[in-house]
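The structure file run_1.cif is reproduced below (mmCIF, C-alpha atoms).
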```cif
data_start
#
loop_
_atom_site.group_PDB
_atom_site.id
_atom_site.type_symbol
_atom_site.label_atom_id
_atom_site.label_comp_id
_atom_site.auth_asym_id
_atom_site.auth_seq_id
_atom_site.Cartn_x
_atom_site.Cartn_y
_atom_site.Cartn_z
ATOM 1 C CA MET A 1 -16.704 12.063 8.103
ATOM 2 C CA GLY A 2 -15.881 11.810 4.428
ATOM 3 C CA THR A 3 -13.497 9.515 2.614
ATOM 4 C CA ARG A 4 -9.997 9.598 4.067
ATOM 5 C CA VAL A 5 -6.580 8.108 3.434
ATOM 6 C CA VAL A 6 -4.649 6.719 6.395
ATOM 7 C CA LEU A 7 -1.002 5.853 5.866
ATOM 8 C CA LEU A 8 -0.209 2.716 7.855
ATOM 9 C CA GLY A 9 3.334 2.331 6.578
ATOM 10 C CA THR A 10 5.454 4.728 4.526
ATOM 11 C CA GLY A 11 8.673 2.756 4.430
ATOM 12 C CA THR A 12 10.608 0.575 2.035
ATOM 13 C CA PRO A 13 12.601 -2.682 2.289
ATOM 14 C CA ASN A 14 15.062 -0.704 4.447
ATOM 15 C CA PRO A 15 14.066 -1.328 8.105
ATOM 16 C CA THR A 16 13.665 2.313 9.138
ATOM 17 C CA PRO A 17 12.343 2.195 12.728
ATOM 18 C CA ASP A 18 9.786 4.995 12.380
ATOM 19 C CA ARG A 19 8.398 3.845 9.024
ATOM 20 C CA SER A 20 6.587 0.510 8.805
ATOM 21 C CA GLY A 21 6.360 -1.409 5.544
ATOM 22 C CA PRO A 22 4.191 -0.043 2.727
ATOM 23 C CA ALA A 23 0.505 -0.037 3.634
ATOM 24 C CA ALA A 24 -2.394 2.395 3.568
ATOM 25 C CA ALA A 25 -6.138 2.432 4.029
ATOM 26 C CA VAL A 26 -9.004 4.210 2.350
ATOM 27 C CA ILE A 27 -11.743 4.838 4.911
ATOM 28 C CA ALA A 28 -15.204 5.170 3.368
ATOM 29 C CA GLY A 29 -18.737 4.203 4.285
ATOM 30 C CA GLY A 30 -17.708 2.738 7.630
ATOM 31 C CA ARG A 31 -15.174 0.340 6.118
ATOM 32 C CA ALA A 32 -11.399 0.154 5.658
ATOM 33 C CA TYR A 33 -10.023 -0.705 2.238
ATOM 34 C CA ILE A 34 -6.396 -1.703 2.816
ATOM 35 C CA VAL A 35 -3.756 -1.135 0.131
ATOM 36 C CA ASP A 36 -0.692 -3.369 0.537
ATOM 37 C CA CYS A 37 0.369 -5.113 3.731
ATOM 38 C CA GLY A 38 3.968 -4.461 4.590
ATOM 39 C CA PRO A 39 5.529 -5.404 7.943
ATOM 40 C CA GLY A 40 3.630 -3.894 10.856
ATOM 41 C CA VAL A 41 0.329 -3.369 9.064
ATOM 42 C CA VAL A 42 -1.983 -4.763 11.753
ATOM 43 C CA ARG A 43 -0.283 -2.977 14.637
ATOM 44 C CA ARG A 44 -0.309 0.306 12.745
ATOM 45 C CA ALA A 45 -4.015 -0.260 12.041
ATOM 46 C CA SER A 46 -4.554 -0.909 15.745
ATOM 47 C CA ALA A 47 -2.763 2.339 16.589
ATOM 48 C CA ALA A 48 -5.013 4.226 14.165
ATOM 49 C CA ALA A 49 -8.077 2.605 15.740
ATOM 50 C CA LEU A 50 -6.936 3.710 19.205
ATOM 51 C CA ALA A 51 -6.584 7.223 17.763
ATOM 52 C CA GLY A 52 -10.255 7.192 16.805
ATOM 53 C CA ILE A 53 -10.490 5.499 13.412
ATOM 54 C CA GLY A 54 -12.704 2.595 14.412
ATOM 55 C CA GLU A 55 -12.799 1.128 10.909
ATOM 56 C CA LEU A 56 -9.215 0.024 11.490
ATOM 57 C CA GLU A 57 -9.883 -2.096 14.551
ATOM 58 C CA PRO A 58 -8.028 -5.357 13.804
ATOM 59 C CA GLU A 59 -11.107 -7.601 13.840
ATOM 60 C CA ARG A 60 -12.661 -5.386 11.138
ATOM 61 C CA LEU A 61 -9.764 -5.754 8.666
ATOM 62 C CA ASP A 62 -11.272 -7.925 5.939
ATOM 63 C CA LEU A 63 -10.339 -6.383 2.581
ATOM 64 C CA VAL A 64 -6.950 -5.749 0.967
ATOM 65 C CA PHE A 65 -5.687 -4.706 -2.467
ATOM 66 C CA ILE A 66 -2.085 -5.673 -3.165
ATOM 67 C CA THR A 67 -0.092 -3.766 -5.769
ATOM 68 C CA HIS A 68 2.575 -6.403 -6.371
ATOM 69 C CA LEU A 69 4.234 -9.283 -4.579
ATOM 70 C CA HIS A 70 7.503 -7.734 -3.452
ATOM 71 C CA SER A 71 8.277 -8.798 0.118
ATOM 72 C CA ASP A 72 8.132 -5.304 1.610
ATOM 73 C CA HIS A 73 4.524 -5.007 0.375
ATOM 74 C CA THR A 74 3.447 -8.485 1.482
ATOM 75 C CA ALA A 75 5.509 -9.535 4.518
ATOM 76 C CA GLY A 76 2.555 -8.446 6.660
ATOM 77 C CA TYR A 77 0.113 -10.622 4.694
ATOM 78 C CA PRO A 78 0.272 -13.552 7.150
ATOM 79 C CA ASP A 79 -0.356 -11.074 9.955
ATOM 80 C CA LEU A 80 -3.374 -9.661 8.108
ATOM 81 C CA ILE A 81 -4.751 -13.179 7.643
ATOM 82 C CA LEU A 82 -4.069 -14.506 11.132
ATOM 83 C CA THR A 83 -4.180 -11.735 13.716
ATOM 84 C CA PRO A 84 -7.611 -10.245 12.934
ATOM 85 C CA TRP A 85 -9.068 -13.761 13.044
ATOM 86 C CA THR A 86 -7.344 -14.487 16.344
ATOM 87 C CA VAL A 87 -8.968 -11.404 17.898
ATOM 88 C CA GLY A 88 -12.427 -12.066 16.455
ATOM 89 C CA ARG A 89 -12.823 -11.424 12.747
ATOM 90 C CA GLU A 90 -15.919 -13.386 11.731
ATOM 91 C CA GLY A 91 -15.767 -13.424 7.944
ATOM 92 C CA PRO A 92 -12.965 -14.200 5.497
ATOM 93 C CA LEU A 93 -10.295 -11.817 4.336
ATOM 94 C CA GLU A 94 -10.916 -10.749 0.748
ATOM 95 C CA ALA A 95 -7.593 -10.274 -1.033
ATOM 96 C CA TYR A 96 -7.244 -8.685 -4.466
ATOM 97 C CA GLY A 97 -3.966 -8.608 -6.316
ATOM 98 C CA PRO A 98 -1.897 -9.727 -9.289
ATOM 99 C CA PRO A 99 -1.426 -13.259 -10.561
ATOM 100 C CA GLY A 100 0.604 -15.236 -8.058
ATOM 101 C CA LEU A 101 -1.392 -14.046 -5.052
ATOM 102 C CA GLY A 102 -3.284 -17.338 -4.929
ATOM 103 C CA ALA A 103 -0.106 -19.369 -4.674
ATOM 104 C CA MET A 104 1.310 -17.036 -2.038
ATOM 105 C CA THR A 105 -1.884 -17.377 -0.007
ATOM 106 C CA ALA A 106 -1.863 -21.154 -0.216
ATOM 107 C CA HIS A 107 1.731 -21.264 1.022
ATOM 108 C CA VAL A 108 0.953 -18.899 3.917
ATOM 109 C CA LEU A 109 -1.970 -21.060 5.023
ATOM 110 C CA GLU A 110 0.174 -24.181 4.731
ATOM 111 C CA ALA A 111 3.014 -22.602 6.714
ATOM 112 C CA TRP A 112 0.665 -21.787 9.582
ATOM 113 C CA SER A 113 -1.516 -24.884 9.227
ATOM 114 C CA GLU A 114 -0.707 -26.169 12.722
ATOM 115 C CA ASP A 115 -1.559 -22.813 14.271
ATOM 116 C CA LEU A 116 -4.840 -22.762 12.345
ATOM 117 C CA ALA A 117 -5.671 -26.285 13.476
ATOM 118 C CA VAL A 118 -4.866 -25.697 17.146
ATOM 119 C CA ARG A 119 -6.800 -22.441 17.325
ATOM 120 C CA SER A 120 -9.752 -23.929 15.426
ATOM 121 C CA ARG A 121 -10.034 -27.282 17.213
ATOM 122 C CA GLY A 122 -8.615 -26.571 20.636
ATOM 123 C CA LYS A 123 -10.067 -24.826 23.642
ATOM 124 C CA GLN A 124 -9.421 -21.316 22.383
ATOM 125 C CA PRO A 125 -12.612 -19.589 21.182
ATOM 126 C CA SER A 126 -12.491 -18.854 17.443
ATOM 127 C CA THR A 127 -14.762 -17.917 14.585
ATOM 128 C CA LEU A 128 -15.475 -20.416 11.846
ATOM 129 C CA HIS A 129 -14.577 -18.390 8.763
ATOM 130 C CA GLY A 130 -12.335 -15.603 10.048
ATOM 131 C CA LYS A 131 -9.239 -17.578 9.081
ATOM 132 C CA ASP A 132 -10.378 -18.047 5.470
ATOM 133 C CA VAL A 133 -9.091 -16.042 2.523
ATOM 134 C CA GLU A 134 -10.994 -15.346 -0.666
ATOM 135 C CA VAL A 135 -8.368 -14.581 -3.284
ATOM 136 C CA HIS A 136 -9.139 -12.561 -6.406
ATOM 137 C CA GLU A 137 -6.299 -12.497 -8.919
ATOM 138 C CA VAL A 138 -7.024 -9.489 -11.110
ATOM 139 C CA LEU A 139 -5.923 -7.831 -14.318
ATOM 140 C CA PRO A 140 -6.105 -4.099 -15.087
ATOM 141 C CA GLY A 141 -9.609 -2.664 -15.090
ATOM 142 C CA VAL A 142 -12.398 -2.305 -12.550
ATOM 143 C CA VAL A 143 -11.711 -4.999 -9.953
ATOM 144 C CA TYR A 144 -14.153 -4.119 -7.164
ATOM 145 C CA ASP A 145 -17.365 -2.143 -6.663
ATOM 146 C CA ASP A 146 -19.515 -2.404 -3.541
ATOM 147 C CA GLY A 147 -21.638 0.647 -4.236
ATOM 148 C CA ILE A 148 -19.542 2.716 -1.848
ATOM 149 C CA VAL A 149 -16.152 2.505 -3.515
ATOM 150 C CA ARG A 150 -15.159 1.467 -7.028
ATOM 151 C CA VAL A 151 -11.583 0.242 -7.372
ATOM 152 C CA THR A 152 -9.724 0.250 -10.682
ATOM 153 C CA ALA A 153 -6.353 -1.423 -11.151
ATOM 154 C CA PHE A 154 -3.890 -0.070 -13.709
ATOM 155 C CA ALA A 155 -0.552 -1.471 -14.810
ATOM 156 C CA VAL A 156 2.655 0.292 -13.768
ATOM 157 C CA ASP A 157 6.303 -0.343 -14.612
ATOM 158 C CA HIS A 158 8.274 -1.737 -11.691
ATOM 159 C CA GLY A 159 11.472 -3.199 -13.038
ATOM 160 C CA ASP A 160 11.415 -6.958 -13.478
ATOM 161 C CA TRP A 161 7.854 -7.486 -12.217
ATOM 162 C CA GLU A 162 5.494 -8.731 -14.910
ATOM 163 C CA HIS A 163 2.448 -7.706 -12.872
ATOM 164 C CA ALA A 164 2.610 -4.506 -10.819
ATOM 165 C CA TYR A 165 -0.415 -2.292 -10.284
ATOM 166 C CA GLY A 166 -1.554 1.044 -9.047
ATOM 167 C CA TYR A 167 -5.121 1.484 -7.833
ATOM 168 C CA ARG A 168 -7.716 4.232 -8.190
ATOM 169 C CA PHE A 169 -10.476 4.443 -5.565
ATOM 170 C CA ASP A 170 -13.619 6.347 -6.493
ATOM 171 C CA ALA A 171 -16.063 7.185 -3.691
ATOM 172 C CA ALA A 172 -18.999 9.557 -3.867
ATOM 173 C CA ASP A 173 -17.001 12.453 -2.429
ATOM 174 C CA ARG A 174 -13.397 11.736 -3.351
ATOM 175 C CA SER A 175 -11.049 10.043 -5.813
ATOM 176 C CA ILE A 176 -7.765 8.618 -4.551
ATOM 177 C CA VAL A 177 -4.929 7.095 -6.572
ATOM 178 C CA PHE A 178 -2.087 4.927 -5.264
ATOM 179 C CA SER A 179 0.915 4.565 -7.547
ATOM 180 C CA GLY A 180 2.263 1.390 -6.008
ATOM 181 C CA ASP A 181 5.953 0.882 -6.760
ATOM 182 C CA THR A 182 6.757 2.249 -10.190
ATOM 183 C CA THR A 183 9.204 4.165 -12.277
ATOM 184 C CA ALA A 184 7.839 7.370 -13.754
ATOM 185 C CA THR A 185 4.898 6.449 -15.981
ATOM 186 C CA THR A 186 2.038 8.184 -17.759
ATOM 187 C CA ALA A 187 -0.232 5.440 -16.388
ATOM 188 C CA VAL A 188 -0.327 7.312 -13.069
ATOM 189 C CA VAL A 189 -1.040 10.605 -14.827
ATOM 190 C CA ASP A 190 -3.912 9.020 -16.740
ATOM 191 C CA ALA A 191 -5.316 7.293 -13.652
ATOM 192 C CA CYS A 192 -5.268 10.487 -11.584
ATOM 193 C CA SER A 193 -6.235 13.161 -14.130
ATOM 194 C CA GLY A 194 -7.284 15.694 -11.515
ATOM 195 C CA CYS A 195 -7.936 13.177 -8.710
ATOM 196 C CA ASP A 196 -8.392 14.502 -5.187
ATOM 197 C CA VAL A 197 -5.407 12.665 -3.681
ATOM 198 C CA LEU A 198 -2.390 11.068 -5.340
ATOM 199 C CA VAL A 199 -0.329 8.835 -3.039
ATOM 200 C CA HIS A 200 2.962 8.245 -4.837
ATOM 201 C CA GLU A 201 6.311 6.631 -4.087
ATOM 202 C CA VAL A 202 9.487 8.717 -4.326
ATOM 203 C CA TYR A 203 13.245 8.763 -3.873
ATOM 204 C CA ALA A 204 15.521 11.712 -3.094
ATOM 205 C CA LEU A 205 18.000 12.636 -5.811
ATOM 206 C CA GLU A 206 20.439 13.858 -3.155
ATOM 207 C CA GLY A 207 20.613 10.349 -1.733
ATOM 208 C CA PHE A 208 20.441 8.617 -5.113
ATOM 209 C CA ARG A 209 23.675 10.265 -6.248
ATOM 210 C CA LYS A 210 25.524 8.478 -3.428
ATOM 211 C CA ARG A 211 24.245 5.020 -4.311
ATOM 212 C CA PRO A 212 26.524 2.413 -5.978
ATOM 213 C CA PRO A 213 26.141 2.183 -9.770
ATOM 214 C CA GLY A 214 24.319 -1.158 -9.649
ATOM 215 C CA TRP A 215 21.706 0.219 -7.289
ATOM 216 C CA GLN A 216 21.350 3.371 -9.345
ATOM 217 C CA ALA A 217 20.642 1.262 -12.434
ATOM 218 C CA TYR A 218 17.993 -0.688 -10.525
ATOM 219 C CA HIS A 219 16.226 2.345 -9.103
ATOM 220 C CA LEU A 220 16.141 4.119 -12.452
ATOM 221 C CA VAL A 221 13.877 1.413 -13.880
ATOM 222 C CA SER A 222 11.957 0.602 -10.714
ATOM 223 C CA HIS A 223 11.215 3.794 -8.794
ATOM 224 C CA THR A 224 10.397 7.480 -9.218
ATOM 225 C CA SER A 225 12.740 10.349 -8.419
ATOM 226 C CA SER A 226 11.673 13.576 -6.773
ATOM 227 C CA GLU A 227 12.178 15.412 -10.055
ATOM 228 C CA GLN A 228 10.095 12.880 -11.963
ATOM 229 C CA LEU A 229 7.383 13.009 -9.313
ATOM 230 C CA ALA A 230 7.112 16.768 -9.669
ATOM 231 C CA ASP A 231 6.596 16.314 -13.403
ATOM 232 C CA ILE A 232 3.956 13.616 -12.831
ATOM 233 C CA ALA A 233 2.104 15.853 -10.380
ATOM 234 C CA THR A 234 2.196 18.779 -12.763
ATOM 235 C CA LYS A 235 0.597 16.641 -15.481
ATOM 236 C CA ALA A 236 -1.798 14.715 -13.216
ATOM 237 C CA ASP A 237 -2.936 17.802 -11.246
ATOM 238 C CA PRO A 238 -4.044 16.124 -7.993
ATOM 239 C CA GLY A 239 -5.793 18.101 -5.284
ATOM 240 C CA LEU A 240 -3.106 16.811 -2.910
ATOM 241 C CA LEU A 241 0.141 14.939 -3.561
ATOM 242 C CA VAL A 242 1.186 12.637 -0.706
ATOM 243 C CA MET A 243 4.645 11.080 -0.816
ATOM 244 C CA THR A 244 5.178 7.567 0.523
ATOM 245 C CA HIS A 245 7.585 4.606 0.139
ATOM 246 C CA ILE A 246 10.196 7.241 0.874
ATOM 247 C CA LEU A 247 13.798 6.471 -0.050
ATOM 248 C CA LEU A 248 16.156 9.080 1.412
ATOM 249 C CA TRP A 249 19.522 7.251 1.564
ATOM 250 C CA GLY A 250 20.991 9.901 3.858
ATOM 251 C CA ALA A 251 19.178 12.888 2.420
ATOM 252 C CA THR A 252 16.907 14.810 4.759
ATOM 253 C CA GLU A 253 13.152 15.105 4.503
ATOM 254 C CA GLU A 254 13.639 18.837 3.954
ATOM 255 C CA GLN A 255 15.910 18.164 0.976
ATOM 256 C CA LEU A 256 13.340 15.797 -0.526
ATOM 257 C CA LEU A 257 10.604 18.388 -0.123
ATOM 258 C CA GLU A 258 12.813 21.042 -1.747
ATOM 259 C CA GLU A 259 13.537 18.725 -4.686
ATOM 260 C CA VAL A 260 9.842 18.147 -5.358
ATOM 261 C CA ARG A 261 8.966 21.779 -4.721
ATOM 262 C CA ALA A 262 11.431 22.794 -7.450
ATOM 263 C CA GLY A 263 8.978 21.425 -10.017
ATOM 264 C CA TRP A 264 5.585 21.258 -8.253
ATOM 265 C CA ASP A 265 3.921 24.133 -6.425
ATOM 266 C CA GLY A 266 0.617 22.420 -5.626
ATOM 267 C CA PRO A 267 -0.549 20.978 -2.294
ATOM 268 C CA LEU A 268 2.098 18.568 -1.027
ATOM 269 C CA ALA A 269 2.563 16.317 1.996
ATOM 270 C CA LEU A 270 5.503 14.150 2.965
ATOM 271 C CA GLY A 271 3.776 11.101 4.373
ATOM 272 C CA HIS A 272 4.421 9.655 7.818
ATOM 273 C CA ASP A 273 2.982 6.552 9.415
ATOM 274 C CA LEU A 274 -0.530 7.194 10.790
ATOM 275 C CA GLY A 275 -0.888 10.378 8.766
ATOM 276 C CA VAL A 276 -4.499 11.078 7.724
ATOM 277 C CA TYR A 277 -5.285 12.930 4.505
#
```

As structure tokens, what does this structure read like?
Amino acid sequence: MGTRVVLLGTGTPNPTPDRSGPAAAVIAGGRAYIVDCGPGVVRRASAAALAGIGELEPERLDLVFITHLHSDHTAGYPDLILTPWTVGREGPLEAYGPPGLGAMTAHVLEAWSEDLAVRSRGKQPSTLHGKDVEVHEVLPGVVYDDGIVRVTAFAVDHGDWEHAYGYRFDAADRSIVFSGDTTATTAVVDACSGCDVLVHEVYALEGFRKRPPGWQAYHLVSHTSSEQLADIATKADPGLLVMTHILLWGATEEQLLEEVRAGWDGPLALGHDLGVY
């Protein structure tokens, strides 16, 4: 099969039961390239593997690209480090992300140092290097190229975060862009520019209007409304627009779709966990 996108989590900081924390995977060349690691990432990957996507078997999860260090995008990072090793990952986890990822990783390993020691030195079978993490703190530009997929990071505008990225994945048969968390920005338009798939965050205007003023002020500079997303899609012209990190705040999915459809008539999907595109 060709290059695919699997949504492992389409949620937000709000603990919506049917939407795990933000996470996705690009499947190409027999490997999974994980994007973000929100709560539930490994179990969602395991569910996808049971559904037939073998690249997402937990012991094969060894590569992640993190858009920014907000907790909803990284609360599953310890799980991604520890669980695949516990079930047999042989090599280290390679983690790419913004400055600060190294410090976060060091603190995670310190927090679970006793677990690492007991599993490594006790009677439980374990691999030597599966618990290790190779951290790559990156700046915008090409950050990874294994001959199968080239990954380019680009800066986005996410409120108070100094370093927040989107990522473009270029495989032989498909180009895929992830917005990460961002307010409306031409950086996404430029990164996509006719890409095959654009995976973009969104909030419903119907729900936004009911939010307290302080929250409205925050979301205006941190996230992208349905109306703004339609404009981005019109300019970026993706082959398919997939909505994720979905903030409804009481609006319905149908209302969100109608809001985007008011300004974008191209191929559109409202993402759900374990959706494949």

Got a sec to resolve the PyMOL selection byres ((chain A and resi 31) around 10) on this structure and send the residues as a CSV table (one decimal) with C-alpha atoms, in the frame of the given file?
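File written: result_7.csv
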```
chain,number,residue,atom,x,y,z
A,3,THR,CA,-13.5,9.5,2.6
A,25,ALA,CA,-6.1,2.4,4.0
A,26,VAL,CA,-9.0,4.2,2.4
A,27,ILE,CA,-11.7,4.8,4.9
A,28,ALA,CA,-15.2,5.2,3.4
A,29,GLY,CA,-18.7,4.2,4.3
A,30,GLY,CA,-17.7,2.7,7.6
A,32,ALA,CA,-11.4,0.2,5.7
A,33,TYR,CA,-10.0,-0.7,2.2
A,34,ILE,CA,-6.4,-1.7,2.8
A,54,GLY,CA,-12.7,2.6,14.4
A,55,GLU,CA,-12.8,1.1,10.9
A,56,LEU,CA,-9.2,0.0,11.5
A,60,ARG,CA,-12.7,-5.4,11.1
A,61,LEU,CA,-9.8,-5.8,8.7
A,62,ASP,CA,-11.3,-7.9,5.9
A,63,LEU,CA,-10.3,-6.4,2.6
A,148,ILE,CA,-19.5,2.7,-1.8
A,149,VAL,CA,-16.2,2.5,-3.5
```

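Atom CA of Pro39 of chain A to atom CA of Val6 of chain A spans 15.9 Å [interatomic distance, one decimal].
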
Problem set entry | Explicit residue set for the PyMOL selection byres ((chain A and resi 75-84) around 6), as a PyMOL selection string | chain A and resi 37-39+58-59+71-72+74+85-87+89

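With only C-alpha atoms taken into account, the protein and nucleic acid residues at most 9 Å from His219 of chain A (excluding it and anything under 3 positions from it in its own chain) are A:Gly159, A:Thr183, A:Tyr203, A:Phe208, A:Gly214, A:Trp215, A:Gln216, A:Ser222, A:His223, A:Thr224, A:Ser225.
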
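Distance annotation: of A:Val42, A:Val135, A:Ala262, A:Leu69, the residue with the minimal separation from Pro92 of chain A is A:Val135; atom set is only C-alpha atoms.
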
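Among A:Leu240, A:Val189, A:Ala171, A:Ala49, the residue with the shortest atom-to-atom distance to Val151 of chain A, counting only C-alpha atoms, is A:Ala171.
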
Which residues of segment 173-265 of chain A come within 9 Å of segment 269-274 of chain A, and for each one, what is the closest pair of atoms and their distance in Å to one decimal, counting all atoms listed in the file, sorted by chain and residue number, as CSV?
```
residue,atom,partner,partner_atom,distance
A:Val199,CA,A:Gly271,CA,8.8
A:Leu240,CA,A:Ala269,CA,7.5
A:Leu241,CA,A:Ala269,CA,6.2
A:Val242,CA,A:Ala269,CA,4.8
A:Met243,CA,A:Leu270,CA,4.9
A:Thr244,CA,A:Gly271,CA,5.4
A:His245,CA,A:Gly271,CA,8.6
A:Ile246,CA,A:Gly271,CA,8.3
A:Glu253,CA,A:Leu270,CA,7.9
A:Leu256,CA,A:Leu270,CA,8.7
A:Leu257,CA,A:Leu270,CA,7.3
```

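Between atom CA of Phe169 of chain A and atom CA of Thr152 of chain A the separation is 6.7 Å.
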
Where does the PyMOL selection byres ((chain A and resi 227) around 10) land in this file, that is, which residues does it pick, as a CSV table (one decimal) with C-alpha atoms, keeping the file's coordinate frame?
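Writing done, so here's selection-v4.csv:
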```csv
chain,number,residue,atom,x,y,z
A,184,ALA,CA,7.8,7.4,-13.8
A,202,VAL,CA,9.5,8.7,-4.3
A,203,TYR,CA,13.2,8.8,-3.9
A,204,ALA,CA,15.5,11.7,-3.1
A,205,LEU,CA,18.0,12.6,-5.8
A,224,THR,CA,10.4,7.5,-9.2
A,225,SER,CA,12.7,10.3,-8.4
A,226,SER,CA,11.7,13.6,-6.8
A,228,GLN,CA,10.1,12.9,-12.0
A,229,LEU,CA,7.4,13.0,-9.3
A,230,ALA,CA,7.1,16.8,-9.7
A,231,ASP,CA,6.6,16.3,-13.4
A,232,ILE,CA,4.0,13.6,-12.8
A,256,LEU,CA,13.3,15.8,-0.5
A,259,GLU,CA,13.5,18.7,-4.7
A,260,VAL,CA,9.8,18.1,-5.4
A,261,ARG,CA,9.0,21.8,-4.7
A,262,ALA,CA,11.4,22.8,-7.4
A,263,GLY,CA,9.0,21.4,-10.0
A,264,TRP,CA,5.6,21.3,-8.3
```

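Here atom CA of Gly141 of chain A and atom CA of Ala153 of chain A stand 5.3 Å from one another.
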
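The closest residue to Pro99 of chain A, picked from A:Pro213, A:Pro140, A:Gly147, A:Gly266 and counting all atoms listed in the file, is A:Pro140.
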
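Compared by their closest atoms to Gly130 of chain A, and using all atoms listed in the file, the residues A:Val156, A:Ile176, A:Val108, A:Leu93 rank with A:Leu93 nearest.
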
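Closest approach to Ser193 of chain A from the set A:His70, A:Arg209, A:Arg168, A:Lys235 is made by A:Lys235, with distances taken over all atoms listed in the file.
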
For this session: Using all atoms listed in the file, determine which residues lie at most 8 Å from Gly180 of chain A, disregarding the query and same-chain residues fewer than 2 positions distant; provide the list as a count of residues only.
Result: 11

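The shell of residues at most 10 Å from Gly275 of chain A, with all atoms listed in the file counted and near chain neighbours (fewer than 6 positions) removed, consists of Val5, Val6, Leu7, Leu8, Gly9, Thr10, Ala24, Ala48, Val242 and Ala269 of chain A.
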
Can you tell me which residues surround segment 118-129 of chain A at a distance of at most 7 Å, considering all atoms listed in the file, apart from same-chain residues fewer than 3 positions away, and format the answer as an mmCIF file with C-alpha atoms, in the frame of the given file?
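As written to disk, part-v2.cif reads:
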```
data_model
loop_
_atom_site.group_PDB
_atom_site.id
_atom_site.type_symbol
_atom_site.label_atom_id
_atom_site.label_comp_id
_atom_site.auth_asym_id
_atom_site.auth_seq_id
_atom_site.Cartn_x
_atom_site.Cartn_y
_atom_site.Cartn_z
ATOM 1 C CA THR A 86 -7.344 -14.487 16.344
ATOM 2 C CA GLY A 88 -12.427 -12.066 16.455
ATOM 3 C CA GLU A 90 -15.919 -13.386 11.731
ATOM 4 C CA GLY A 91 -15.767 -13.424 7.944
ATOM 5 C CA PRO A 92 -12.965 -14.200 5.497
ATOM 6 C CA GLU A 114 -0.707 -26.169 12.722
ATOM 7 C CA ASP A 115 -1.559 -22.813 14.271
ATOM 8 C CA ASP A 132 -10.378 -18.047 5.470
#
```

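When all atoms listed in the file are used to compute distances to Tyr277 of chain A, the closest of the residues A:Gly100, A:Gly239, A:Gly194, A:Gly250 turns out to be A:Gly239.
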
Would you list the contacts of Gly11 of chain A as a PDB file with C-alpha atoms, keeping the file's coordinate frame, taking every protein, DNA or RNA residue within 8 Å and counting only C-alpha atoms, but skipping same-chain residues closer than 3 positions in sequence?
```pdb
ATOM      1  CA  ASN A  14      15.062  -0.704   4.447  1.00  0.00           C
ATOM      2  CA  PRO A  15      14.066  -1.328   8.105  1.00  0.00           C
ATOM      3  CA  THR A  16      13.665   2.313   9.138  1.00  0.00           C
ATOM      4  CA  ARG A  19       8.398   3.845   9.024  1.00  0.00           C
ATOM      5  CA  SER A  20       6.587   0.510   8.805  1.00  0.00           C
ATOM      6  CA  GLY A  21       6.360  -1.409   5.544  1.00  0.00           C
ATOM      7  CA  PRO A  22       4.191  -0.043   2.727  1.00  0.00           C
ATOM      8  CA  THR A 244       5.178   7.567   0.523  1.00  0.00           C
ATOM      9  CA  HIS A 245       7.585   4.606   0.139  1.00  0.00           C
ATOM     10  CA  ILE A 246      10.196   7.241   0.874  1.00  0.00           C
ATOM     11  CA  LEU A 247      13.798   6.471  -0.050  1.00  0.00           C
TER      12      LEU A 247
END
```
